[in-house]
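The structure file my_file15.csv is reproduced below (CSV, C-alpha atoms).
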chain,number,residue,atom,x,y,z
A,1,MET,CA,-50.4,-32.8,-41.9
A,2,LEU,CA,-48.7,-31.6,-38.7
A,3,SER,CA,-46.1,-34.3,-38.9
A,4,LEU,CA,-45.4,-33.4,-42.5
A,5,MET,CA,-45.0,-29.7,-41.5
A,6,THR,CA,-42.7,-30.6,-38.6
A,7,PHE,CA,-40.5,-32.9,-40.7
A,8,ALA,CA,-40.4,-30.3,-43.5
A,9,ALA,CA,-39.3,-27.6,-41.0
A,10,VAL,CA,-36.8,-29.9,-39.4
A,11,GLY,CA,-35.5,-30.8,-42.9
A,12,TYR,CA,-35.1,-27.2,-43.8
A,13,LEU,CA,-33.3,-26.4,-40.6
A,14,LEU,CA,-30.9,-29.3,-41.1
A,15,LEU,CA,-30.2,-28.3,-44.7
A,16,ALA,CA,-29.6,-24.7,-43.5
A,17,ARG,CA,-27.1,-26.2,-41.0
A,18,LYS,CA,-29.1,-25.0,-38.0
A,19,HIS,CA,-28.9,-28.4,-36.3
A,20,TYR,CA,-29.7,-27.2,-32.8
A,21,ALA,CA,-32.8,-25.3,-34.0
A,22,ALA,CA,-33.9,-28.4,-35.8
A,23,VAL,CA,-33.6,-30.4,-32.6
A,24,ALA,CA,-35.4,-27.6,-30.7
A,25,VAL,CA,-38.4,-27.7,-33.1
A,26,PHE,CA,-38.6,-31.5,-33.0
A,27,VAL,CA,-38.4,-31.6,-29.2
A,28,ALA,CA,-41.1,-28.8,-28.9
A,29,VAL,CA,-43.5,-30.7,-31.2
A,30,ALA,CA,-42.7,-34.2,-29.7
A,31,GLY,CA,-43.0,-32.8,-26.2
A,32,GLY,CA,-46.4,-31.2,-27.0
A,33,LEU,CA,-47.6,-34.6,-28.3
A,34,VAL,CA,-46.5,-36.3,-25.1
A,35,LEU,CA,-48.2,-33.6,-23.0
A,36,SER,CA,-51.4,-33.9,-25.1
A,37,THR,CA,-51.5,-37.7,-24.6
A,38,LEU,CA,-50.9,-37.4,-20.8
A,39,LEU,CA,-53.7,-34.8,-20.5
A,40,LYS,CA,-56.1,-37.0,-22.4
A,41,LEU,CA,-55.3,-40.0,-20.2
A,42,GLY,CA,-55.7,-37.9,-17.1
A,43,PHE,CA,-59.0,-36.3,-17.9
A,44,ASP,CA,-60.6,-39.2,-19.8
A,45,ARG,CA,-63.6,-37.1,-20.9
A,46,PRO,CA,-66.0,-38.8,-23.3
A,47,ARG,CA,-66.6,-37.3,-26.7
A,48,PRO,CA,-69.9,-35.5,-27.5
A,49,ASP,CA,-72.6,-37.8,-28.9
A,50,LEU,CA,-75.0,-35.1,-30.0
A,51,VAL,CA,-74.5,-35.7,-33.7
A,52,PRO,CA,-72.8,-38.4,-35.7
A,53,HIS,CA,-69.1,-37.8,-35.8
A,54,GLY,CA,-67.7,-36.5,-39.1
A,55,SER,CA,-64.5,-38.5,-38.6
A,56,LEU,CA,-63.4,-41.6,-36.9
A,57,VAL,CA,-62.1,-41.0,-33.4
A,58,TYR,CA,-60.6,-43.4,-30.9
A,59,THR,CA,-59.3,-41.3,-28.0
A,60,THR,CA,-60.9,-39.3,-25.3
A,61,SER,CA,-62.2,-35.7,-25.8
A,62,PHE,CA,-60.4,-33.4,-23.4
A,63,PRO,CA,-58.3,-31.5,-24.4
A,64,SER,CA,-58.6,-31.6,-28.2
A,65,GLY,CA,-55.4,-33.1,-29.4
A,66,HIS,CA,-55.8,-31.7,-32.9
A,67,SER,CA,-56.3,-28.2,-31.5
A,68,MET,CA,-53.5,-28.5,-29.1
A,69,MET,CA,-51.0,-29.9,-31.6
A,70,ALA,CA,-52.0,-27.3,-34.2
A,71,ALA,CA,-51.2,-24.6,-31.6
A,72,VAL,CA,-48.0,-26.3,-30.7
A,73,THR,CA,-46.8,-26.8,-34.3
A,74,TYR,CA,-48.0,-23.8,-36.1
A,75,LEU,CA,-47.3,-21.3,-33.3
A,76,THR,CA,-43.8,-22.8,-32.7
A,77,LEU,CA,-43.0,-22.6,-36.4
A,78,GLY,CA,-44.6,-19.2,-36.7
A,79,ALA,CA,-42.6,-17.8,-33.8
A,80,LEU,CA,-39.3,-19.4,-35.1
A,81,LEU,CA,-39.8,-18.0,-38.6
A,82,ALA,CA,-40.8,-14.6,-37.2
A,83,ARG,CA,-37.7,-14.6,-35.0
A,84,VAL,CA,-35.4,-14.9,-38.0
A,85,GLU,CA,-37.3,-12.2,-40.0
A,86,GLY,CA,-36.3,-8.6,-39.8
A,87,SER,CA,-39.4,-6.9,-41.2
A,88,ILE,CA,-42.2,-6.3,-38.7
A,89,ARG,CA,-44.8,-6.7,-41.5
A,90,ILE,CA,-43.5,-10.1,-42.3
A,91,LYS,CA,-43.4,-11.1,-38.6
A,92,ILE,CA,-47.0,-10.1,-38.2
A,93,TYR,CA,-47.9,-12.0,-41.4
A,94,LEU,CA,-46.2,-15.2,-40.2
A,95,LEU,CA,-47.7,-15.1,-36.8
A,96,SER,CA,-51.2,-14.3,-38.2
A,97,VAL,CA,-51.0,-17.3,-40.6
A,98,ALA,CA,-50.0,-19.5,-37.6
A,99,VAL,CA,-52.9,-18.2,-35.5
A,100,VAL,CA,-55.5,-18.5,-38.4
A,101,LEU,CA,-54.4,-22.1,-39.1
A,102,THR,CA,-54.6,-23.0,-35.4
A,103,VAL,CA,-58.1,-21.5,-35.1
A,104,LEU,CA,-59.3,-23.3,-38.3
A,105,VAL,CA,-58.2,-26.6,-36.9
A,106,GLY,CA,-60.1,-26.1,-33.7
A,107,VAL,CA,-63.3,-24.9,-35.3
A,108,SER,CA,-63.2,-27.9,-37.6
A,109,ARG,CA,-63.1,-30.3,-34.6
A,110,VAL,CA,-66.3,-28.7,-33.2
A,111,CYS,CA,-68.0,-28.7,-36.7
A,112,LEU,CA,-67.2,-32.4,-37.1
A,113,GLY,CA,-68.9,-33.1,-33.8
A,114,VAL,CA,-65.9,-34.8,-32.2
A,115,HIS,CA,-65.2,-32.1,-29.5
A,116,TRP,CA,-67.0,-29.8,-27.2
A,117,PRO,CA,-66.0,-26.2,-27.6
A,118,THR,CA,-64.3,-26.4,-24.2
A,119,ASP,CA,-62.1,-29.2,-25.4
A,120,VAL,CA,-60.9,-27.0,-28.2
A,121,ALA,CA,-60.4,-24.0,-26.0
A,122,ALA,CA,-58.3,-26.1,-23.6
A,123,GLY,CA,-56.3,-27.5,-26.5
A,124,TRP,CA,-55.6,-24.0,-27.8
A,125,THR,CA,-54.6,-22.7,-24.4
A,126,VAL,CA,-52.3,-25.5,-23.4
A,127,GLY,CA,-50.8,-25.7,-26.9
A,128,ALA,CA,-50.2,-21.9,-27.0
A,129,ALA,CA,-48.7,-22.0,-23.6
A,130,TRP,CA,-46.4,-24.9,-24.6
A,131,ALA,CA,-45.3,-23.0,-27.8
A,132,LEU,CA,-44.6,-19.9,-25.8
A,133,LEU,CA,-42.6,-21.8,-23.2
A,134,CYS,CA,-40.6,-23.5,-26.0
A,135,SER,CA,-40.0,-20.2,-27.7
A,136,LEU,CA,-38.8,-18.6,-24.5
A,137,VAL,CA,-36.4,-21.5,-23.9
A,138,MET,CA,-35.1,-21.3,-27.5
A,139,ARG,CA,-34.6,-17.5,-27.1
A,140,ARG,CA,-32.6,-18.1,-23.9
A,141,LEU,CA,-30.5,-20.8,-25.4
A,142,GLN,CA,-29.8,-18.5,-28.4
A,143,ARG,CA,-28.6,-15.7,-26.1
A,144,ARG,CA,-26.3,-18.2,-24.3
A,145,GLY,CA,-24.9,-19.4,-27.5
A,146,LYS,CA,-26.3,-22.9,-27.2
A,147,VAL,CA,-28.5,-22.6,-30.3
A,148,GLU,CA,-27.8,-20.8,-33.5
A,149,PRO,CA,-28.6,-17.1,-33.4
A,150,PRO,CA,-31.4,-15.8,-35.7
A,151,SER,CA,-30.2,-14.9,-39.2
A,152,GLY,CA,-28.5,-11.5,-39.3
A,153,GLU,CA,-28.3,-11.3,-35.6
A,154,GLU,CA,-25.2,-11.6,-33.4
A,155,LEU,CA,-25.3,-12.8,-29.9
Can you give me the file's structure in the form of C-alpha cells?
Amino acid sequence: MLSLMTFAAVGYLLLARKHYAAVAVFVAVAGGLVLSTLLKLGFDRPRPDLVPHGSLVYTTSFPSGHSMMAAVTYLTLGALLARVEGSIRIKIYLLSVAVVLTVLVGVSRVCLGVHWPTDVAAGWTVGAAWALLCSLVMRRLQRRGKVEPPSGEEL
C-alpha cells in the first residue's frame, strides 16, 4: 500500500511537471526504507512470541518497519500537500489524516502480535524524524530555487 501511495504521488507530481518534488518524495521514501532496513539489521531484536502472529513475518522486530515507513510516507506526503495548500483548515486536515493513518498502522502491528509496543514507538519516532528532516531539506531547496516552489508562492 505504501509503495502504491508513493508511486501515485510521484506520478501526480510528474504529471504536474514538478519533477524535482517527485524526485524529493521518491528519495525521502526510499531513504526511509534503507534506514529502516539498516536499523533492523543493527538491532536484530526477535519478534514477540506471546501469541500466534496474525501475519507472516520474516524480518526482525526493532524498529517496526511498517510503523516507520507509514510515518515516513504518510507524514512526508501530508507535509508536502499541506505545504502547497493555502487554507489552514485544509492543512490541519491533511496532517491529521497523515497522523491517523500512521497511528493505525502501528496499532495494527501490535494487535497482530508481530511487534512489541516499543518497536512501534521507535518506528514512529524514527519515521517522523526522517519525514521532518526531509521536509526541512525540501523547504530549504525550495527557498534556494532548487525545487519547485509551492503552488501560488513565489520564492
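You will find CA of Ser64 in chain A at 19.0 Å from CA of Thr6 in chain A.
When only C-alpha atoms are used to measure the gap to Phe43 in chain A, the shortest distance among A:Leu2, A:Ala122, A:Val107, A:Ala79 belongs to A:Ala122.
If you look at CA of Ser135 in chain A and CA of Lys40 in chain A, they are 23.9 Å away from each other.
Considering the residues A:Val103, A:Met69, A:Ala16, A:Leu77 and counting only C-alpha atoms, Gly31 in chain A has its shortest atom-to-atom contact with A:Met69.
Among the candidates A:Phe62, A:Thr102, A:Ile90, A:Val72, the residue lying nearest to Pro117 in chain A is A:Phe62 (atoms considered: all atoms listed in the file).
One distance worth recording is that between CA of Thr125 in chain A and CA of Pro63 in chain A, which is 9.5 Å.
Using all atoms listed in the file, the nearest neighbour of Ser67 in chain A within the list A:Ser96, A:Ser3, A:Ser108, A:Thr37 is A:Ser108.
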